[in-house]
$ cat model-v9.cif   # mmCIF, C-alpha atoms and all ligand atoms
data_protein
loop_
_atom_site.label_atom_id
_atom_site.label_comp_id
_atom_site.auth_asym_id
_atom_site.auth_seq_id
_atom_site.Cartn_x
_atom_site.Cartn_y
_atom_site.Cartn_z
CA MET G 1 -4.45 -9.42 67.55
CA ILE G 2 -7.17 -11.87 68.51
CA MET G 3 -5.42 -12.43 71.83
CA GLU G 4 -5.28 -8.63 72.53
CA ASP G 5 -8.95 -8.30 71.63
CA SER G 6 -9.99 -10.99 74.06
CA VAL G 7 -7.90 -9.41 76.85
CA ASP G 8 -9.67 -6.10 76.15
CA VAL G 9 -13.05 -7.81 76.31
CA ILE G 10 -12.19 -9.49 79.61
CA LEU G 11 -10.99 -6.16 81.08
CA GLN G 12 -14.11 -4.37 79.91
CA GLU G 13 -16.33 -7.04 81.41
CA LYS G 14 -14.44 -6.84 84.71
CA THR G 15 -14.83 -3.03 84.84
CA LEU G 16 -18.53 -3.32 84.06
CA HIS G 17 -18.97 -5.99 86.71
CA HIS G 18 -17.18 -3.85 89.36
CA ALA G 19 -19.24 -0.80 88.44
CA GLN G 20 -22.42 -2.84 88.89
CA GLU G 21 -21.18 -4.29 92.20
CA ARG G 22 -20.12 -0.92 93.72
CA PRO G 23 -23.59 0.51 94.44
CA LEU G 24 -24.49 -2.79 96.12
CA VAL G 25 -21.32 -2.76 98.25
CA MET G 26 -21.91 0.89 99.14
CA ALA G 27 -25.56 0.25 100.04
CA ALA G 28 -24.55 -2.75 102.18
CA SER G 29 -21.82 -0.77 104.01
CA GLY G 30 -24.25 2.11 104.55
CA ALA G 31 -26.84 -0.26 105.98
CA MET G 32 -24.26 -1.85 108.28
CA LEU G 33 -23.11 1.57 109.48
CA MET G 34 -26.70 2.62 110.19
CA ALA G 35 -27.38 -0.67 112.01
CA SER G 36 -24.25 -0.27 114.21
CA TYR G 37 -25.17 3.34 114.97
CA GLY G 38 -28.74 2.27 115.80
CA LEU G 39 -27.45 -0.49 118.09
CA TRP G 40 -25.00 1.90 119.77
CA THR G 41 -27.83 4.42 120.28
CA VAL G 42 -30.07 1.80 121.86
CA PHE G 43 -27.38 0.73 124.32
CA ALA G 44 -25.64 4.03 125.00
CA LEU G 45 -28.36 6.65 125.03
CA PRO G 46 -31.63 5.68 126.78
CA GLY G 47 -32.46 8.12 129.57
CA PHE G 48 -30.16 10.78 128.17
CA ARG G 49 -32.92 13.10 126.94
CA LYS G 50 -33.36 14.40 130.49
CA VAL G 51 -29.65 15.22 131.00
CA PRO G 52 -28.39 18.65 129.77
CA THR G 53 -26.18 18.29 126.68
CA SER G 54 -23.07 19.59 128.47
CA LEU G 55 -23.39 16.82 131.10
CA LYS G 56 -24.04 13.86 128.79
CA VAL G 57 -21.55 10.99 129.17
CA PRO G 58 -21.79 7.96 126.86
CA TYR G 59 -21.19 4.35 127.89
CA LEU G 60 -17.63 3.09 127.71
CA PRO G 61 -16.66 0.04 129.76
CA SER G 62 -13.62 0.28 132.03
CA SER G 63 -10.66 -2.04 131.49
CA GLY G 64 -9.52 -4.77 133.88
CA VAL G 65 -6.33 -2.81 134.70
CA GLN G 66 -8.39 0.28 135.50
CA THR G 67 -10.57 -1.77 137.87
CA GLN G 68 -7.46 -3.17 139.60
CA ASN G 69 -6.17 0.40 140.09
CA VAL G 70 -9.48 1.46 141.65
CA MET G 71 -9.40 -1.55 143.98
CA ARG G 72 -5.87 -0.66 145.14
CA LEU G 73 -6.98 2.89 145.93
CA LEU G 74 -9.87 1.52 148.00
CA GLN G 75 -7.65 -0.64 150.20
CA GLY G 76 -8.34 -0.08 153.90
CA ARG G 77 -11.67 1.58 153.17
CA ARG G 78 -15.13 0.25 154.06
CA GLY G 79 -18.82 1.15 154.11
CA CYS G 80 -21.16 2.43 151.41
CA LEU G 81 -19.86 3.01 147.92
CA ALA G 82 -21.55 4.75 144.98
CA ASP G 83 -20.44 4.17 141.40
CA LEU G 84 -21.69 7.15 139.39
CA GLY G 85 -22.62 5.78 135.97
CA SER G 86 -22.24 2.07 136.65
CA GLY G 87 -22.62 0.84 133.04
CA ASP G 88 -22.83 -2.95 132.92
CA GLY G 89 -21.89 -3.12 136.62
CA ARG G 90 -18.34 -4.46 136.20
CA LEU G 91 -16.76 -2.03 138.69
CA VAL G 92 -19.55 -2.56 141.22
CA PHE G 93 -19.11 -6.35 141.03
CA ALA G 94 -15.36 -6.13 141.49
CA VAL G 95 -15.57 -3.70 144.39
CA SER G 96 -18.40 -5.56 146.15
CA SER G 97 -16.00 -8.49 146.48
CA LEU G 98 -13.94 -6.26 148.86
CA GLY G 99 -16.89 -6.04 151.27
CA PHE G 100 -18.37 -2.66 150.28
CA GLN G 101 -22.13 -2.09 150.12
CA CYS G 102 -22.29 -0.78 146.57
CA THR G 103 -24.89 1.21 144.70
CA GLY G 104 -24.52 1.65 140.97
CA PHE G 105 -26.31 4.73 139.60
CA GLU G 106 -27.08 4.34 135.93
CA ILE G 107 -29.34 6.35 133.64
CA ASN G 108 -29.44 3.74 130.87
CA SER G 109 -32.27 1.30 131.64
CA ILE G 110 -30.86 -1.41 129.35
CA LEU G 111 -27.53 -1.41 131.18
CA ILE G 112 -29.34 -1.42 134.54
CA GLY G 113 -31.38 -4.46 133.47
CA TYR G 114 -28.23 -6.22 132.30
CA ALA G 115 -26.32 -5.45 135.53
CA ARG G 116 -29.23 -6.64 137.71
CA ALA G 117 -29.55 -9.86 135.72
CA ARG G 118 -25.82 -10.45 136.02
CA ALA G 119 -25.91 -9.86 139.78
CA ARG G 120 -28.73 -12.39 140.13
CA TRP G 121 -26.90 -14.88 137.94
CA MET G 122 -23.68 -14.47 140.00
CA GLY G 123 -25.67 -14.80 143.26
CA ILE G 124 -24.57 -11.38 144.59
CA PRO G 125 -27.05 -10.14 147.23
CA THR G 126 -28.58 -6.64 146.77
CA ALA G 127 -27.01 -5.58 150.08
CA ALA G 128 -23.61 -5.95 148.38
CA ALA G 129 -24.51 -4.67 144.90
CA ARG G 130 -27.67 -2.84 143.93
CA PHE G 131 -28.36 -0.92 140.76
CA VAL G 132 -30.66 2.07 140.59
CA ASN G 133 -31.99 3.66 137.44
CA GLU G 134 -31.34 7.23 138.61
CA ASP G 135 -29.68 10.38 137.33
CA PHE G 136 -26.83 10.91 139.83
CA TRP G 137 -26.92 14.69 139.21
CA LYS G 138 -30.32 14.68 140.90
CA THR G 139 -29.33 12.40 143.77
CA ASP G 140 -28.10 13.41 147.21
CA LEU G 141 -24.85 11.48 147.67
CA SER G 142 -24.13 12.54 151.27
CA ARG G 143 -24.49 9.03 152.74
CA TYR G 144 -21.66 7.58 150.61
CA LYS G 145 -18.19 7.34 152.14
CA ASN G 146 -16.69 6.05 148.90
CA VAL G 147 -17.50 7.26 145.40
CA THR G 148 -16.09 5.96 142.12
CA VAL G 149 -16.43 7.76 138.79
CA PHE G 150 -15.45 7.01 135.21
CA LEU G 151 -17.10 9.78 133.23
CA ALA G 152 -15.76 12.48 130.88
CA PRO G 153 -13.38 15.47 131.19
CA GLY G 154 -16.15 18.02 130.53
CA VAL G 155 -18.20 17.07 133.60
CA MET G 156 -15.45 16.72 136.22
CA GLU G 157 -15.43 20.34 137.41
CA VAL G 158 -19.23 20.47 137.85
CA LEU G 159 -19.21 17.07 139.56
CA GLY G 160 -16.41 18.27 141.87
CA ARG G 161 -18.59 21.18 143.03
CA LYS G 162 -21.52 18.82 143.72
CA LEU G 163 -19.35 16.40 145.72
CA GLU G 164 -17.73 19.27 147.70
CA GLN G 165 -21.21 20.27 148.86
CA GLU G 166 -22.52 16.81 149.65
CA LEU G 167 -19.80 14.40 150.79
CA ALA G 168 -18.61 13.93 154.37
CA HIS G 169 -15.08 14.95 155.43
CA ASP G 170 -13.97 11.30 155.67
CA ALA G 171 -15.26 10.35 152.19
CA ARG G 172 -12.91 9.23 149.44
CA VAL G 173 -13.55 9.75 145.73
CA ILE G 174 -11.80 7.69 143.05
CA ALA G 175 -11.71 9.15 139.54
CA CYS G 176 -10.78 6.97 136.55
CA ARG G 177 -8.96 8.30 133.49
CA PHE G 178 -10.07 11.94 133.99
CA PRO G 179 -8.91 13.72 137.17
CA PHE G 180 -10.80 16.53 138.94
CA PRO G 181 -9.23 19.75 137.61
CA HIS G 182 -9.01 21.69 140.91
CA TRP G 183 -8.62 18.91 143.45
CA HIS G 184 -5.44 17.69 145.11
CA ALA G 185 -5.09 13.89 144.77
CA SER G 186 -3.96 11.94 147.85
CA ALA G 187 -2.78 9.00 145.74
CA SER G 188 -2.80 7.67 142.21
CA GLU G 189 -2.40 4.27 140.57
CA GLY G 190 -1.53 3.25 137.01
CA GLN G 191 -0.70 5.25 133.93
CA GLY G 192 -2.24 6.53 130.71
CA LEU G 193 -5.82 5.54 130.01
CA ASP G 194 -5.92 3.23 133.05
CA GLN G 195 -4.79 5.81 135.60
CA ALA G 196 -6.99 6.40 138.64
CA TRP G 197 -6.76 9.12 141.34
CA ALA G 198 -7.91 9.02 144.96
CA TYR G 199 -9.19 12.19 146.63
CA ASP G 200 -9.86 12.51 150.36
CA MET G 201 -12.51 15.14 150.94
CA ALA G 202 -10.83 16.61 154.06
CA THR G 203 -7.63 17.24 152.04
CA VAL G 204 -9.55 18.46 149.00
CA ARG G 205 -11.38 21.07 151.10
CA ARG G 206 -8.23 22.12 152.95
CA LEU G 207 -6.21 22.68 149.75
CA LEU G 208 -8.96 24.01 147.52
CA THR G 209 -7.93 27.25 145.84
C1 LIG G 301 -17.81 5.80 130.79
S1 LIG G 301 -19.20 4.82 131.29
C2 LIG G 301 -18.54 3.97 132.72
C3 LIG G 301 -19.26 2.66 132.99
C4 LIG G 301 -18.76 1.88 134.21
N1 LIG G 301 -18.63 2.70 135.40
C5 LIG G 301 -17.46 1.19 133.94
O1 LIG G 301 -16.48 1.53 134.64
O2 LIG G 301 -17.40 0.31 133.07
C6 LIG G 301 -20.24 6.09 132.00
C7 LIG G 301 -21.64 5.63 132.37
O3 LIG G 301 -22.32 6.68 133.03
C8 LIG G 301 -23.69 6.64 132.69
N2 LIG G 301 -24.25 7.96 132.97
C9 LIG G 301 -23.97 9.11 132.30
N3 LIG G 301 -24.63 10.14 132.86
C10 LIG G 301 -25.35 9.63 133.90
C11 LIG G 301 -26.22 10.21 134.87
N4 LIG G 301 -26.49 11.51 134.86
N5 LIG G 301 -26.77 9.39 135.82
C12 LIG G 301 -26.48 8.06 135.81
N6 LIG G 301 -25.67 7.47 134.92
C13 LIG G 301 -25.11 8.23 133.98
C14 LIG G 301 -23.65 6.26 131.21
O4 LIG G 301 -24.88 5.73 130.77
C15 LIG G 301 -22.51 5.24 131.18
O5 LIG G 301 -22.99 3.94 131.36
#

$ encode --input "model-v9.cif" --output "structure tokens"
Amino acid sequence: MIMEDSVDVILQEKTLHHAQERPLVMAASGAMLMASYGLWTVFALPGFRKVPTSLKVPYLPSSGVQTQNVMRLLQGRRGCLADLGSGDGRLVFAVSSLGFQCTGFEINSILIGYARARARWMGIPTAAARFVNEDFWKTDLSRYKNVTVFLAPGVMEVLGRKLEQELAHDARVIACRFPFPHWHASASEGQGLDQAWAYDMATVRRLLT
């Protein structure tokens, strides 16, 4: 009897202790969630206020395999290259090693600062890799013979129309993960989330429906 009583007391104390702990745990998890969201907002969203909601694309870094696929699709190509939404600059750095003169367009000033600092630290000259804090929707891209994009499915059709108007016949566009809905791809590398497609503008225009 005494033994049962003491077990009951222990159980009651445990329940009481847990009930007192729970609000603390919940408050701590809530605070952590808010802090992560705040951090994500700081890194992913600066500059976005000026972009229409339907064209907003958040930051998501590309994988190493994806970058390798892009580099394969750029083999034999040369000249100026624009990366639309260059993030932390990883694709620009990789591609500049192939001899392209790269420009990374990025709307997020924190990512631009980071990419520029990294370029300086790696000793990459601005002629090979430069980063501009510009909205690519508002930029004339006609001088670029190579364009790389890793954006979002919802913007690909609109972007396709912009590139059809601006790019030269001999330009090549590489799209990562999300293909252009109405364009005919000349080649593709990889599978699943790492897949990339190459589009030659002359072919795109010829086969456009
Ligand atoms: C999916 S991330 C790709 C980042 C990088 N290219 C990579 O492969 O790791 C898309 C990037 O595009 C940028 N971005 C979105 N809209 C933009 C715009 N209108 N002008 C410039 N950059 C933009 C975002 O800030 C984000 O960094």

$ residues_near_ligand --input "model-v9.cif" --ligand "ligand LIG 301 (chain G)" --cutoff "8 Å" --atoms "all atoms listed in the file" --output "number ranges by chain"
G: 44-46, 48, 51, 55-63, 67, 83-92, 105-108, 111, 133-138, 148-152

$ atom_distance --input "model-v9.cif" --atom1 "atom CA of G:Thr203" --atom2 "atom CA of G:Gly160"
13.5 Å

$ residues_around --input "model-v9.cif" --residues "G:Glu166" --least-positions-apart "5" --cutoff "7 Å" --atoms "all atoms listed in the file" --output "list of chain:residue names"
G:Asp140, G:Leu141, G:Ser142

$ atom_distance --input "model-v9.cif" --atom1 "atom CA of G:Pro23" --atom2 "atom CA of G:Ala35"
18.0 Å

$ closest_residue --input "model-v9.cif" --among "G:Gln66, G:Gln101, G:Ser109, G:Gln195" --to "G:Lys145" --atoms "only C-alpha atoms"
G:Gln101

$ atom_distance --input "model-v9.cif" --atom1 "atom CA of G:Gly154" --atom2 "atom CA of G:Val173"
17.5 Å

$ residues_around --input "model-v9.cif" --residues "G:Arg143" --least-positions-apart "5" --cutoff "10 Å" --atoms "only C-alpha atoms" --output "ChimeraX atom specification"
/G:79-82,166-168,171

$ closest_residue --input "model-v9.cif" --among "G:Ile110, G:Met156, G:Leu74, G:Ala129" --to "G:Ile174" --atoms "only C-alpha atoms"
G:Leu74

$ closest_residue --input "model-v9.cif" --among "G:Met71, G:Val147, G:Ala94, G:Arg161" --to "G:Ala128" --atoms "only C-alpha atoms"
G:Ala94

$ closest_residue --input "model-v9.cif" --among "G:Arg118, G:His182, G:His169, G:Arg130" --to "G:Ser96" --atoms "only C-alpha atoms"
G:Arg130

$ build_atoms --input "model-v9.cif" --residues "stretch 62-76 of chain G" --atoms "N, CA and C atoms" --output "PDB file, in the coordinates of the input"
ATOM      1  N   SER G  62     -14.989   0.126 131.521  1.00  0.00           N
ATOM      2  CA  SER G  62     -13.620   0.280 132.030  1.00  0.00           C
ATOM      3  C   SER G  62     -12.836  -1.014 131.792  1.00  0.00           C
ATOM      4  N   SER G  63     -11.513  -0.872 131.742  1.00  0.00           N
ATOM      5  CA  SER G  63     -10.660  -2.040 131.490  1.00  0.00           C
ATOM      6  C   SER G  63     -10.369  -2.771 132.811  1.00  0.00           C
ATOM      7  N   GLY G  64      -9.868  -3.988 132.700  1.00  0.00           N
ATOM      8  CA  GLY G  64      -9.520  -4.770 133.880  1.00  0.00           C
ATOM      9  C   GLY G  64      -8.427  -4.089 134.701  1.00  0.00           C
ATOM     10  N   VAL G  65      -7.447  -3.491 134.009  1.00  0.00           N
ATOM     11  CA  VAL G  65      -6.330  -2.810 134.700  1.00  0.00           C
ATOM     12  C   VAL G  65      -6.872  -1.613 135.487  1.00  0.00           C
ATOM     13  N   GLN G  66      -7.780  -0.886 134.857  1.00  0.00           N
ATOM     14  CA  GLN G  66      -8.390   0.280 135.500  1.00  0.00           C
ATOM     15  C   GLN G  66      -9.107  -0.148 136.801  1.00  0.00           C
ATOM     16  N   THR G  67      -9.854  -1.242 136.696  1.00  0.00           N
ATOM     17  CA  THR G  67     -10.570  -1.770 137.870  1.00  0.00           C
ATOM     18  C   THR G  67      -9.583  -2.152 138.975  1.00  0.00           C
ATOM     19  N   GLN G  68      -8.469  -2.786 138.601  1.00  0.00           N
ATOM     20  CA  GLN G  68      -7.460  -3.170 139.600  1.00  0.00           C
ATOM     21  C   GLN G  68      -6.907  -1.918 140.292  1.00  0.00           C
ATOM     22  N   ASN G  69      -6.688  -0.857 139.512  1.00  0.00           N
ATOM     23  CA  ASN G  69      -6.170   0.400 140.090  1.00  0.00           C
ATOM     24  C   ASN G  69      -7.158   0.992 141.088  1.00  0.00           C
ATOM     25  N   VAL G  70      -8.441   0.937 140.745  1.00  0.00           N
ATOM     26  CA  VAL G  70      -9.480   1.460 141.650  1.00  0.00           C
ATOM     27  C   VAL G  70      -9.466   0.634 142.943  1.00  0.00           C
ATOM     28  N   MET G  71      -9.364  -0.678 142.803  1.00  0.00           N
ATOM     29  CA  MET G  71      -9.400  -1.550 143.980  1.00  0.00           C
ATOM     30  C   MET G  71      -8.210  -1.288 144.900  1.00  0.00           C
ATOM     31  N   ARG G  72      -7.054  -0.995 144.314  1.00  0.00           N
ATOM     32  CA  ARG G  72      -5.870  -0.660 145.140  1.00  0.00           C
ATOM     33  C   ARG G  72      -6.121   0.611 145.926  1.00  0.00           C
ATOM     34  N   LEU G  73      -6.744   1.593 145.270  1.00  0.00           N
ATOM     35  CA  LEU G  73      -6.980   2.890 145.930  1.00  0.00           C
ATOM     36  C   LEU G  73      -8.090   2.804 146.986  1.00  0.00           C
ATOM     37  N   LEU G  74      -8.808   1.691 146.998  1.00  0.00           N
ATOM     38  CA  LEU G  74      -9.870   1.520 148.000  1.00  0.00           C
ATOM     39  C   LEU G  74      -9.404   0.656 149.176  1.00  0.00           C
ATOM     40  N   GLN G  75      -8.152   0.230 149.132  1.00  0.00           N
ATOM     41  CA  GLN G  75      -7.650  -0.640 150.200  1.00  0.00           C
ATOM     42  C   GLN G  75      -7.727   0.077 151.550  1.00  0.00           C
ATOM     43  N   GLY G  76      -8.222  -0.655 152.556  1.00  0.00           N
ATOM     44  CA  GLY G  76      -8.340  -0.080 153.900  1.00  0.00           C
ATOM     45  C   GLY G  76      -9.635   0.693 154.098  1.00  0.00           C
TER      46      GLY G  76
END
